[in-house]
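Colleague: Below is the file query_31.txt, with compact mmCIF, C-alpha atoms and all ligand atoms.
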# COMPACT_ATOMS: atom_id res chain seq x y z
CA MET O 1 -82.55 171.29 102.49
CA SER O 2 -79.70 169.96 100.39
CA ASP O 3 -80.40 168.76 96.86
CA LEU O 4 -79.54 165.27 97.99
CA ALA O 5 -82.04 165.28 100.84
CA GLN O 6 -84.70 166.72 98.59
CA LEU O 7 -84.14 164.04 95.93
CA GLU O 8 -84.33 161.36 98.61
CA ASN O 9 -87.59 162.77 99.96
CA GLU O 10 -89.08 162.81 96.48
CA ILE O 11 -88.11 159.21 95.77
CA LEU O 12 -89.41 158.01 99.15
CA ALA O 13 -92.66 159.86 98.52
CA ASP O 14 -92.96 158.22 95.08
CA ILE O 15 -92.39 154.83 96.67
CA ALA O 16 -95.08 155.48 99.25
CA ALA O 17 -97.45 156.65 96.53
CA ALA O 18 -96.87 153.71 94.17
CA ALA O 19 -100.18 151.89 93.94
CA ASP O 20 -98.99 148.57 92.61
CA GLU O 21 -95.92 146.54 91.69
CA ALA O 22 -95.67 148.07 88.22
CA ALA O 23 -95.71 151.63 89.57
CA LEU O 24 -93.13 150.67 92.19
CA GLU O 25 -90.88 149.18 89.52
CA ALA O 26 -91.13 152.43 87.54
CA VAL O 27 -89.97 154.38 90.63
CA ARG O 28 -87.08 151.97 91.09
CA VAL O 29 -85.95 152.33 87.47
CA ALA O 30 -86.22 156.14 87.66
CA ALA O 31 -83.95 156.18 90.73
CA LEU O 32 -81.67 153.16 90.50
CA GLY O 33 -81.96 152.07 86.86
CA LYS O 34 -79.20 152.57 84.32
CA ASN O 35 -80.23 156.16 83.74
CA GLY O 36 -81.73 156.73 87.18
CA THR O 37 -81.22 159.84 89.28
CA VAL O 38 -79.35 158.08 92.07
CA THR O 39 -77.26 156.16 89.56
CA ALA O 40 -76.28 159.43 87.95
CA LEU O 41 -75.13 160.78 91.29
CA LEU O 42 -73.10 157.66 91.95
CA LYS O 43 -71.46 158.09 88.56
CA THR O 44 -70.35 161.66 89.40
CA LEU O 45 -68.47 160.38 92.45
CA GLY O 46 -65.63 159.15 90.26
CA THR O 47 -65.06 162.60 88.84
CA LEU O 48 -64.81 164.38 92.23
CA PRO O 49 -61.52 165.30 93.92
CA PRO O 50 -60.57 162.81 96.66
CA GLU O 51 -61.75 164.86 99.71
CA ARG O 52 -65.19 165.51 98.30
CA ARG O 53 -65.46 161.89 97.20
CA LYS O 54 -64.74 160.96 100.83
CA SER O 55 -67.47 163.18 102.20
CA GLU O 56 -70.13 162.69 99.51
CA GLY O 57 -69.59 158.98 98.87
CA PRO O 58 -71.18 157.84 102.17
CA LEU O 59 -74.03 160.33 101.75
CA ILE O 60 -75.00 159.07 98.29
CA ASN O 61 -74.50 155.42 99.17
CA GLY O 62 -76.49 155.85 102.38
CA MET O 63 -79.30 157.32 100.37
CA LYS O 64 -79.16 154.43 97.89
CA ASP O 65 -79.45 151.95 100.78
CA ARG O 66 -82.45 153.76 102.27
CA VAL O 67 -84.18 153.84 98.88
CA ASN O 68 -83.57 150.11 98.44
CA ALA O 69 -84.94 149.40 101.90
CA ALA O 70 -88.05 151.46 101.22
CA LEU O 71 -88.58 149.60 97.93
CA ALA O 72 -88.30 146.24 99.67
CA ALA O 73 -90.71 147.26 102.43
CA ARG O 74 -93.29 148.46 99.92
CA ARG O 75 -92.93 145.25 97.89
CA GLU O 76 -93.55 143.22 101.04
CA ILE O 77 -96.78 145.16 101.65
CA PHE O 78 -97.99 144.36 98.12
CA LYS O 79 -97.18 140.69 98.63
CA THR O 80 -99.08 140.44 101.90
CA ALA O 81 -102.02 142.27 100.40
CA ALA O 82 -102.05 139.94 97.39
CA LEU O 83 -101.98 136.87 99.61
CA GLU O 84 -104.79 138.21 101.77
CA ALA O 85 -106.89 138.97 98.75
CA ARG O 86 -106.33 135.45 97.46
CA LEU O 87 -107.20 133.85 100.77
CA ASN O 88 -110.39 135.90 100.93
CA THR O 89 -111.60 134.84 97.52
CA GLU O 90 -110.37 131.24 97.32
CA SER O 91 -112.13 128.35 98.97
CA ILE O 92 -111.42 124.62 98.92
CA ASP O 93 -114.19 122.09 98.95
CA VAL O 94 -112.71 119.49 101.28
CA THR O 95 -115.55 117.10 100.48
CA LEU O 96 -114.40 116.70 96.87
CA PRO O 97 -112.73 113.32 96.20
CA VAL O 98 -108.98 113.46 95.63
CA ARG O 99 -108.21 112.70 92.02
CA GLU O 100 -104.65 111.44 91.69
CA ALA O 101 -102.67 111.57 88.49
CA PRO O 102 -102.46 108.14 86.81
CA ALA O 103 -98.73 107.94 87.54
CA GLU O 104 -99.52 108.34 91.24
CA ILE O 105 -102.01 105.50 91.43
CA GLY O 106 -99.83 102.51 90.50
CA ARG O 107 -98.22 100.66 93.40
CA VAL O 108 -95.32 98.25 93.66
CA HIS O 109 -96.11 95.11 95.65
CA PRO O 110 -94.26 94.94 99.01
CA ILE O 111 -92.63 91.64 98.00
CA THR O 112 -91.18 93.26 94.88
CA GLN O 113 -90.00 96.17 96.98
CA VAL O 114 -88.30 93.88 99.50
CA ILE O 115 -86.65 91.76 96.79
CA ASP O 116 -85.24 95.03 95.38
CA GLU O 117 -84.11 96.07 98.86
CA LEU O 118 -82.33 92.84 99.67
CA THR O 119 -80.78 92.59 96.23
CA ALA O 120 -79.33 96.08 96.70
CA ILE O 121 -77.88 95.12 100.10
CA PHE O 122 -76.34 91.83 98.96
CA ALA O 123 -75.08 93.33 95.68
CA ASP O 124 -73.20 95.85 97.81
CA MET O 125 -71.47 92.89 99.51
CA GLY O 126 -70.52 91.38 96.16
CA PHE O 127 -73.32 88.82 95.70
CA ALA O 128 -74.71 87.95 92.28
CA VAL O 129 -78.32 86.88 91.80
CA ALA O 130 -78.94 83.26 90.73
CA GLU O 131 -82.26 81.82 89.64
CA GLY O 132 -83.86 78.49 88.89
CA PRO O 133 -87.22 77.12 87.76
CA ASP O 134 -90.27 76.75 90.01
CA ILE O 135 -90.85 73.23 88.63
CA GLU O 136 -87.97 71.06 89.78
CA THR O 137 -86.83 67.49 89.65
CA ASP O 138 -87.01 65.37 92.76
CA ASP O 139 -83.25 64.98 92.43
CA TYR O 140 -82.45 68.70 92.62
CA ASN O 141 -85.03 69.54 95.27
CA PHE O 142 -84.13 66.57 97.50
CA GLY O 143 -81.69 63.98 96.12
CA LYS O 144 -78.57 66.04 95.50
CA LEU O 145 -79.31 67.96 98.68
CA ASN O 146 -78.64 64.77 100.65
CA PHE O 147 -82.24 63.88 101.54
CA PRO O 148 -82.14 60.07 101.67
CA GLU O 149 -84.86 58.26 99.69
CA GLU O 150 -87.98 57.92 101.90
CA HIS O 151 -86.53 60.39 104.40
CA PRO O 152 -89.30 61.92 106.53
CA ALA O 153 -88.02 65.39 105.62
CA ARG O 154 -89.47 64.90 102.15
CA ALA O 155 -92.91 64.47 103.65
CA MET O 156 -92.23 67.30 106.11
CA HIS O 157 -91.96 69.67 103.21
CA ASP O 158 -95.61 69.06 102.21
CA THR O 159 -94.54 68.79 98.61
CA PHE O 160 -96.80 69.36 95.60
CA PHE O 161 -95.86 66.47 93.28
CA PHE O 162 -96.81 66.13 89.62
CA ASP O 163 -98.00 62.77 88.32
CA PRO O 164 -95.10 60.33 87.86
CA LYS O 165 -93.64 60.02 84.38
CA PRO O 166 -93.51 56.59 82.64
CA ASP O 167 -89.93 56.13 83.89
CA GLY O 168 -91.14 56.56 87.47
CA THR O 169 -89.52 59.97 88.12
CA ARG O 170 -91.77 62.84 89.06
CA LEU O 171 -91.47 66.57 88.91
CA LEU O 172 -92.53 68.80 91.78
CA LEU O 173 -93.00 72.43 92.70
CA ARG O 174 -89.79 73.30 94.52
CA THR O 175 -90.29 73.40 98.28
CA HIS O 176 -87.33 75.71 98.86
CA THR O 177 -84.79 77.75 96.89
CA SER O 178 -82.02 75.28 97.84
CA PRO O 179 -82.16 73.36 94.50
CA VAL O 180 -80.65 76.50 92.96
CA GLN O 181 -77.62 75.87 95.19
CA VAL O 182 -77.21 72.61 93.27
CA ARG O 183 -77.74 74.28 89.89
CA THR O 184 -75.20 76.97 90.77
CA MET O 185 -72.50 74.55 91.98
CA LEU O 186 -73.00 72.33 88.94
CA THR O 187 -72.46 75.24 86.53
CA GLN O 188 -70.08 77.67 88.27
CA LYS O 189 -66.58 77.30 89.59
CA PRO O 190 -65.82 78.56 93.11
CA PRO O 191 -65.45 81.14 94.50
CA ILE O 192 -69.25 81.31 94.49
CA ARG O 193 -71.18 84.11 96.09
CA VAL O 194 -74.87 84.21 95.14
CA ILE O 195 -78.26 85.02 96.52
CA ILE O 196 -81.29 83.19 95.18
CA PRO O 197 -84.62 84.96 95.58
CA GLY O 198 -87.62 83.06 94.32
CA ARG O 199 -91.05 81.49 94.68
CA THR O 200 -91.42 78.29 96.67
CA TYR O 201 -94.40 75.98 97.33
CA ARG O 202 -95.71 73.88 100.17
CA CYS O 203 -99.14 72.45 100.77
CA ASP O 204 -99.94 74.59 103.78
CA SER O 205 -102.27 77.52 104.51
CA ASP O 206 -103.07 79.64 107.56
CA GLN O 207 -102.44 83.19 108.77
CA THR O 208 -98.67 82.80 108.48
CA HIS O 209 -98.46 80.16 105.71
CA THR O 210 -99.56 80.25 102.09
CA PRO O 211 -99.14 77.45 99.51
CA MET O 212 -96.88 79.76 97.51
CA PHE O 213 -94.34 81.89 99.33
CA HIS O 214 -90.93 83.46 98.75
CA GLN O 215 -87.47 82.64 99.96
CA VAL O 216 -84.06 84.12 99.53
CA GLU O 217 -81.21 81.67 99.71
CA GLY O 218 -77.57 82.62 100.12
CA LEU O 219 -74.62 80.46 99.04
CA VAL O 220 -70.91 81.06 99.51
CA ILE O 221 -68.33 78.47 98.43
CA ASP O 222 -64.60 79.01 98.61
CA LYS O 223 -61.51 77.40 100.10
CA GLY O 224 -61.65 79.05 103.50
CA SER O 225 -65.27 80.13 103.97
CA HIS O 226 -66.52 79.61 107.51
CA LEU O 227 -69.44 80.39 109.79
CA GLY O 228 -67.75 83.56 111.05
CA HIS O 229 -68.05 84.99 107.55
CA MET O 230 -71.72 84.06 107.46
CA LYS O 231 -72.37 85.66 110.83
CA TRP O 232 -70.88 88.93 109.59
CA ILE O 233 -72.83 88.85 106.32
CA LEU O 234 -76.13 88.20 108.09
CA GLU O 235 -75.45 90.87 110.68
CA GLU O 236 -74.66 93.45 108.00
CA PHE O 237 -77.74 92.39 106.10
CA PHE O 238 -80.13 92.71 109.03
CA LYS O 239 -78.72 96.07 110.08
CA ALA O 240 -79.15 97.43 106.56
CA PHE O 241 -82.53 95.81 105.98
CA PHE O 242 -84.20 96.81 109.25
CA GLU O 243 -82.35 100.16 109.12
CA VAL O 244 -80.94 99.88 112.66
CA ASP O 245 -77.41 100.30 114.07
CA ARG O 246 -77.23 97.05 115.99
CA VAL O 247 -78.76 93.63 115.65
CA GLY O 248 -78.49 90.99 118.35
CA MET O 249 -78.37 87.49 116.83
CA ARG O 250 -78.62 84.02 118.35
CA PHE O 251 -77.54 80.80 116.69
CA ARG O 252 -79.32 77.60 117.71
CA PRO O 253 -78.40 74.08 116.58
CA SER O 254 -80.84 72.58 114.09
CA PHE O 255 -81.06 69.99 111.36
CA PHE O 256 -81.16 70.17 107.58
CA PRO O 257 -79.96 67.22 105.46
CA PHE O 258 -77.92 69.55 103.24
CA THR O 259 -75.93 71.37 105.94
CA GLU O 260 -73.60 70.18 108.68
CA PRO O 261 -73.58 71.72 111.20
CA SER O 262 -77.05 73.19 110.74
CA LEU O 263 -78.40 76.10 112.69
CA GLU O 264 -81.31 78.42 113.05
CA VAL O 265 -80.80 82.11 113.51
CA ASP O 266 -82.93 84.31 115.74
CA ILE O 267 -82.71 88.06 115.88
CA GLN O 268 -83.35 90.14 118.95
CA CYS O 269 -86.55 92.12 119.07
CA ARG O 270 -88.93 93.89 121.39
CA ARG O 271 -92.70 93.51 121.15
CA ASP O 272 -94.52 96.56 122.33
CA LYS O 273 -98.30 97.00 122.00
CA GLY O 274 -98.47 95.10 118.74
CA GLU O 275 -95.36 96.79 117.38
CA ILE O 276 -92.03 95.04 116.87
CA ARG O 277 -88.66 96.73 117.05
CA PHE O 278 -85.55 94.95 115.87
CA GLY O 279 -82.00 94.76 117.13
CA GLU O 280 -82.81 95.21 120.81
CA GLY O 281 -85.18 93.91 123.46
CA GLU O 282 -85.90 90.74 125.41
CA ASP O 283 -87.55 88.63 122.73
CA TRP O 284 -86.08 86.52 119.95
CA MET O 285 -87.58 85.91 116.56
CA GLU O 286 -86.62 82.94 114.41
CA ILE O 287 -85.71 84.31 111.03
CA LEU O 288 -83.72 81.80 108.98
CA GLY O 289 -82.13 78.37 108.61
CA ALA O 290 -78.46 78.03 107.75
CA GLY O 291 -75.34 75.92 107.99
CA MET O 292 -72.12 74.73 106.39
CA VAL O 293 -72.84 73.03 103.07
CA HIS O 294 -72.77 69.25 103.71
CA PRO O 295 -69.76 67.45 102.16
CA ASN O 296 -72.17 65.06 100.43
CA VAL O 297 -73.86 68.02 98.70
CA LEU O 298 -70.49 69.36 97.54
CA ARG O 299 -69.61 65.91 96.23
CA ASN O 300 -73.01 65.51 94.53
CA CYS O 301 -72.33 68.79 92.74
CA GLY O 302 -68.85 67.83 91.56
CA LEU O 303 -66.85 69.76 94.18
CA ASP O 304 -64.13 68.18 96.30
CA PRO O 305 -65.01 68.68 99.99
CA ASP O 306 -61.34 68.43 100.89
CA GLN O 307 -60.70 71.48 98.75
CA TYR O 308 -63.86 73.54 99.10
CA GLN O 309 -66.27 74.42 101.82
CA GLY O 310 -68.99 76.96 102.20
CA PHE O 311 -72.15 78.01 103.90
CA ALA O 312 -75.76 78.63 102.93
CA TRP O 313 -78.87 80.12 104.43
CA GLY O 314 -82.53 80.33 103.54
CA MET O 315 -84.92 82.97 104.74
CA GLY O 316 -88.61 83.73 104.16
CA ILE O 317 -89.03 86.95 102.20
CA ASP O 318 -92.71 87.26 103.06
CA ARG O 319 -91.92 87.01 106.73
CA ILE O 320 -89.24 89.70 106.79
CA THR O 321 -91.56 91.90 104.72
CA MET O 322 -94.39 91.46 107.25
CA LEU O 323 -91.96 92.24 110.05
CA LYS O 324 -90.40 95.31 108.47
CA TYR O 325 -93.58 96.91 107.18
CA GLY O 326 -95.99 95.73 109.89
CA MET O 327 -98.42 93.60 107.92
CA PRO O 328 -100.49 91.24 110.03
CA ASP O 329 -101.78 88.63 107.56
CA LEU O 330 -99.66 86.81 105.00
CA ARG O 331 -102.65 85.65 102.96
CA ALA O 332 -103.49 89.24 101.98
CA PHE O 333 -100.16 89.37 100.13
CA PHE O 334 -101.52 87.15 97.40
CA GLU O 335 -105.21 88.06 97.25
CA ALA O 336 -104.65 90.83 94.67
CA ASP O 337 -106.97 93.24 96.49
CA VAL O 338 -106.15 96.69 95.09
CA ARG O 339 -107.30 98.37 98.33
CA TRP O 340 -104.65 96.36 100.18
CA LEU O 341 -102.06 97.19 97.56
CA SER O 342 -102.83 100.91 97.54
CA HIS O 343 -102.40 100.91 101.32
CA TYR O 344 -99.28 98.78 101.67
CA GLY O 345 -97.70 99.23 98.22
CA PHE O 346 -94.83 101.50 97.22
CA ARG O 347 -94.68 104.32 94.70
CA PRO O 348 -93.37 102.94 91.40
CA LEU O 349 -90.58 105.43 90.87
CA ASP O 350 -89.20 105.38 94.43
CA TRP O 351 -87.16 102.26 93.97
CA PRO O 352 -84.88 101.40 96.87
CA THR O 353 -81.16 102.13 96.78
CA LEU O 354 -78.52 102.06 99.48
CA ALA O 355 -77.47 105.60 98.59
CA ALA O 356 -80.90 107.17 98.82
CA GLY O 357 -82.36 105.01 101.61
CA LEU O 358 -84.07 101.66 101.31
CA SER O 359 -87.57 102.37 102.49
CA PRO O 360 -89.36 105.50 101.33
CA PRO O 361 -89.58 108.39 103.83
N1 LIG K 1 -83.99 75.26 102.60
C1 LIG K 1 -84.23 75.43 104.02
C2 LIG K 1 -85.73 75.58 104.25
O1 LIG K 1 -86.45 75.88 103.36
C3 LIG K 1 -83.52 76.63 104.56
C4 LIG K 1 -82.03 76.50 104.48
C5 LIG K 1 -81.34 76.96 103.38
C6 LIG K 1 -81.33 75.91 105.51
C7 LIG K 1 -79.96 76.86 103.32
C8 LIG K 1 -79.94 75.79 105.46
C9 LIG K 1 -79.27 76.26 104.37
O2 LIG K 1 -86.21 75.41 105.35
In structure tokens, write the structure found in this file.
Ligand code: PHE
Modeller:
Amino acid sequence: MSDLAQLENEILADIAAAADEAALEAVRVAALGKNGTVTALLKTLGTLPPERRKSEGPLINGMKDRVNAALAARREIFKTAALEARLNTESIDVTLPVREAPAEIGRVHPITQVIDELTAIFADMGFAVAEGPDIETDDYNFGKLNFPEEHPARAMHDTFFFDPKPDGTRLLLRTHTSPVQVRTMLTQKPPIRVIIPGRTYRCDSDQTHTPMFHQVEGLVIDKGSHLGHMKWILEEFFKAFFEVDRVGMRFRPSFFPFTEPSLEVDIQCRRDKGEIRFGEGEDWMEILGAGMVHPNVLRNCGLDPDQYQGFAWGMGIDRITMLKYGMPDLRAFFEADVRWLSHYGFRPLDWPTLAAGLSPP
């Protein structure tokens, strides 16, 4: 037997005899380490004349490969044995309660999540966020928005009024986010491009209505803004929000004192065994009110309707949240039941972004 073959046999025998990882590592170092036997042979190759290098090179390298393979195979055996030993000794008591780390327990309310989602989508389209107070004047909530005095629409809104002040005026809880349209036009010069998320109030309560609810308003004012722009914006919004490729929309004529023409927008959906899918299907779901800002409103806010025009829409945040995340009862949103929140809420550090995906996986 050649010296080479004998050395190989010895190393392979040592590998087979190694009882644990430490012993195996010692064998590896003795053969392939800096001062190992195989390493020494490899080093001699450089000193050989070319013909012998040609014949011995493959022999030594072949041996090195076989030694490496044997080492790897033995290591694998140790690993499997270790895993088996662990599985045999470990047991898990599945009846123990799960104890989550404190950072895991907190939950973000779905409304907060959805406000973050829609803000991310509209910010991407160049919208700023505008805000206004929950307690409004009659003039901003109705008057400047072209609701005539004693107009039935004021009663239709089921307004919560405060007691009248000595001068006869009375404050109210805003019934929609539209007064922030007025505040924005009174303080900013066009072009205006804002969304207005916020709390709104109406004296109403059942499975789909609560006295306090949330709306997001949109307002665009410029010289050439038209309904085609709005259609595109809403379409892009719904596709991004419901995370679908296509959204069928339907515009129906409607009436709001502050828009002309006014319309309601439905989006296409399919109802299937209690589940709703958006963007396709035979059904339509009413989702928002919209229109071109009425010239009287522009005028009331100091803008010349011959120079500027624009559009606005208002949409219920609670409703699109229920639709997207499949929540059946609006009232539960505001009951502060932690069991509800831990079921429907979102992990605090997974905030939604367009880059990483809006809703968590
Ligand atoms: N403010 C209206 C409502 O609450 C919605 C709306 C907003 C309609 C903007 C048209 C334009 O019902």
Colleague: Could you list, as a PDB file with C-alpha atoms, keeping the file's coordinate frame, every residue within 8 Å of O:Gly248, counting all atoms listed in the file and ignoring same-chain residues fewer than 3 positions away?
Modeller:
ATOM      1  CA  ILE O 267     -82.710  88.060 115.880  1.00  0.00           C
ATOM      2  CA  GLN O 268     -83.350  90.140 118.950  1.00  0.00           C
ATOM      3  CA  GLY O 279     -82.000  94.760 117.130  1.00  0.00           C
ATOM      4  CA  GLU O 280     -82.810  95.210 120.810  1.00  0.00           C
TER       5      GLU O 280
END
Colleague: Can you tell me, as a PyMOL selection string, what residues are no more than 12 Å from O:His229 when counting only C-alpha atoms, ignoring any on the same chain fewer than 6 positions away?
Modeller: chain O and resi 125+193+219-222+235-236+291-292+310-312
Colleague: Selection from above, C-alpha atoms, as a PDB file, keeping the file's coordinate frame, can you write it?
Modeller:
ATOM      1  CA  MET O 125     -71.470  92.890  99.510  1.00  0.00           C
ATOM      2  CA  ARG O 193     -71.180  84.110  96.090  1.00  0.00           C
ATOM      3  CA  LEU O 219     -74.620  80.460  99.040  1.00  0.00           C
ATOM      4  CA  VAL O 220     -70.910  81.060  99.510  1.00  0.00           C
ATOM      5  CA  ILE O 221     -68.330  78.470  98.430  1.00  0.00           C
ATOM      6  CA  ASP O 222     -64.600  79.010  98.610  1.00  0.00           C
ATOM      7  CA  GLU O 235     -75.450  90.870 110.680  1.00  0.00           C
ATOM      8  CA  GLU O 236     -74.660  93.450 108.000  1.00  0.00           C
ATOM      9  CA  GLY O 291     -75.340  75.920 107.990  1.00  0.00           C
ATOM     10  CA  MET O 292     -72.120  74.730 106.390  1.00  0.00           C
ATOM     11  CA  GLY O 310     -68.990  76.960 102.200  1.00  0.00           C
ATOM     12  CA  PHE O 311     -72.150  78.010 103.900  1.00  0.00           C
ATOM     13  CA  ALA O 312     -75.760  78.630 102.930  1.00  0.00           C
TER      14      ALA O 312
END
Colleague: How would you write, as a PyMOL selection string, the set of residues no farther than 8 Å from ligand LIG 1 (chain K) when counting all atoms listed in the file?
Modeller: chain O and resi 175-178+215+217-219+256+258-259+262-264+288-293+311-315
Colleague: Please identify all polymer residues within 8 Å of O:Gly132, counting all atoms listed in the file, omitting same-chain residues fewer than 3 positions from it, and present them as JSON, numbers by chain.
Modeller: {"O": [179, 180, 183]}
Colleague: Would you work out the distance separating atom CA of O:Phe160 from atom CA of O:Thr137, expressed in Å to one decimal?
Modeller: 11.8 Å
Colleague: Identify, on the basis of only C-alpha atoms, every residue whose closest approach to stretch 57-65 of chain O does not exceed 7 Å; exclude the query and any residue fewer than 3 positions from it along the same chain; express the result as a PyMOL selection string.
Modeller: chain O and resi 8+38+42+45+53-54+68-69
Colleague: Could you turn the residues from that selection into a file that holds C-alpha atoms, as a PDB file, in the coordinates of the input?
Modeller:
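Output file selection_31.pdb follows:
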ATOM      1  CA  GLU O   8     -84.330 161.360  98.610  1.00  0.00           C
ATOM      2  CA  VAL O  38     -79.350 158.080  92.070  1.00  0.00           C
ATOM      3  CA  LEU O  42     -73.100 157.660  91.950  1.00  0.00           C
ATOM      4  CA  LEU O  45     -68.470 160.380  92.450  1.00  0.00           C
ATOM      5  CA  ARG O  53     -65.460 161.890  97.200  1.00  0.00           C
ATOM      6  CA  LYS O  54     -64.740 160.960 100.830  1.00  0.00           C
ATOM      7  CA  ASN O  68     -83.570 150.110  98.440  1.00  0.00           C
ATOM      8  CA  ALA O  69     -84.940 149.400 101.900  1.00  0.00           C
TER       9      ALA O  69
END
Colleague: May I ask which of the residues O:Pro97, O:Pro190, O:Gly106, O:Pro50 is the closest one to O:Pro348, counting only C-alpha atoms?
Modeller: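 When distances to O:Pro348 are compared using only C-alpha atoms, the smallest one comes from O:Gly106.
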Colleague: Given all atoms listed in the file as the basis, pick out the residue of O:Ala130, O:Val29, O:Val114, O:Val194 nearest to O:Pro360.
Modeller: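 Closest residue, counting all atoms listed in the file: O:Val114.
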Colleague: What is the distance between atom CA of O:Asp266 and atom CA of O:Leu145, in Å to one decimal?
Modeller: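 So the two atoms, atom CA of O:Asp266 and atom CA of O:Leu145, lie 23.9 Å apart.
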Colleague: Quick one, how far is atom CA of O:Pro191 from atom CA of O:Lys223?
Modeller: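 According to the coordinates, atom CA of O:Pro191 and atom CA of O:Lys223 are separated by 7.8 Å.
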Colleague: Taking all atoms of stretch 330-345 of chain O that the file lists and extending 5 Å past them on each side, where is the centre of the axis-aligned box and how long are its edges? Answer in Å to one decimal, as lines of an AutoDock Vina configuration file.
Modeller:
center_x = -102.5
center_y = 93.3
center_z = 99.8
size_x = 19.6
size_y = 25.3
size_z = 20.3
Colleague: Find the residue from O:Ser91, O:Leu358, O:Leu24, O:Glu150 that sits nearest to O:Glu76; use only C-alpha atoms when measuring.
Modeller: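 Smallest separation from O:Glu76 among the options: O:Leu24.
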Colleague: Using all atoms listed in the file, which residue out of O:Arg299, O:His214, O:Arg170, O:Arg154 lies closest to O:Ile115?
Modeller: O:His214
Colleague: Show me, as a VMD selection string, the residues that have an atom within 10 Å of O:Asp245 when counting all atoms listed in the file, minus same-chain residues fewer than 3 positions from it.
Modeller: chain O and resid 236 238 to 240 242 278 to 279
Colleague: Between O:Gly316, O:Gly228, O:Pro102, O:Pro211, which is the closest to O:Pro197 once you count only C-alpha atoms?
Modeller: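 Among the listed residues, the smallest separation from O:Pro197 belongs to O:Gly316.
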Colleague: Could you check which of O:Met185, O:Gly143, O:Gly281, O:Ile192 is closest to O:Thr169, using all atoms listed in the file?
Modeller: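 That would be O:Gly143, the residue with the smallest distance to O:Thr169.
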Colleague: Show me the residues around (-83.2, 163.8, 99.6) - criterion: an atom at most 12 Å away, only C-alpha atoms counted - as a PDB file with C-alpha atoms, keeping the file's coordinate frame.
Modeller:
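Saved to result_9.pdb:
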ATOM      1  CA  MET O   1     -82.550 171.290 102.490  1.00  0.00           C
ATOM      2  CA  SER O   2     -79.700 169.960 100.390  1.00  0.00           C
ATOM      3  CA  ASP O   3     -80.400 168.760  96.860  1.00  0.00           C
ATOM      4  CA  LEU O   4     -79.540 165.270  97.990  1.00  0.00           C
ATOM      5  CA  ALA O   5     -82.040 165.280 100.840  1.00  0.00           C
ATOM      6  CA  GLN O   6     -84.700 166.720  98.590  1.00  0.00           C
ATOM      7  CA  LEU O   7     -84.140 164.040  95.930  1.00  0.00           C
ATOM      8  CA  GLU O   8     -84.330 161.360  98.610  1.00  0.00           C
ATOM      9  CA  ASN O   9     -87.590 162.770  99.960  1.00  0.00           C
ATOM     10  CA  GLU O  10     -89.080 162.810  96.480  1.00  0.00           C
ATOM     11  CA  ILE O  11     -88.110 159.210  95.770  1.00  0.00           C
ATOM     12  CA  LEU O  12     -89.410 158.010  99.150  1.00  0.00           C
ATOM     13  CA  ALA O  13     -92.660 159.860  98.520  1.00  0.00           C
ATOM     14  CA  ALA O  31     -83.950 156.180  90.730  1.00  0.00           C
ATOM     15  CA  THR O  37     -81.220 159.840  89.280  1.00  0.00           C
ATOM     16  CA  VAL O  38     -79.350 158.080  92.070  1.00  0.00           C
ATOM     17  CA  LEU O  41     -75.130 160.780  91.290  1.00  0.00           C
ATOM     18  CA  LEU O  59     -74.030 160.330 101.750  1.00  0.00           C
ATOM     19  CA  ILE O  60     -75.000 159.070  98.290  1.00  0.00           C
ATOM     20  CA  GLY O  62     -76.490 155.850 102.380  1.00  0.00           C
ATOM     21  CA  MET O  63     -79.300 157.320 100.370  1.00  0.00           C
ATOM     22  CA  LYS O  64     -79.160 154.430  97.890  1.00  0.00           C
ATOM     23  CA  ARG O  66     -82.450 153.760 102.270  1.00  0.00           C
ATOM     24  CA  VAL O  67     -84.180 153.840  98.880  1.00  0.00           C
TER      25      VAL O  67
END
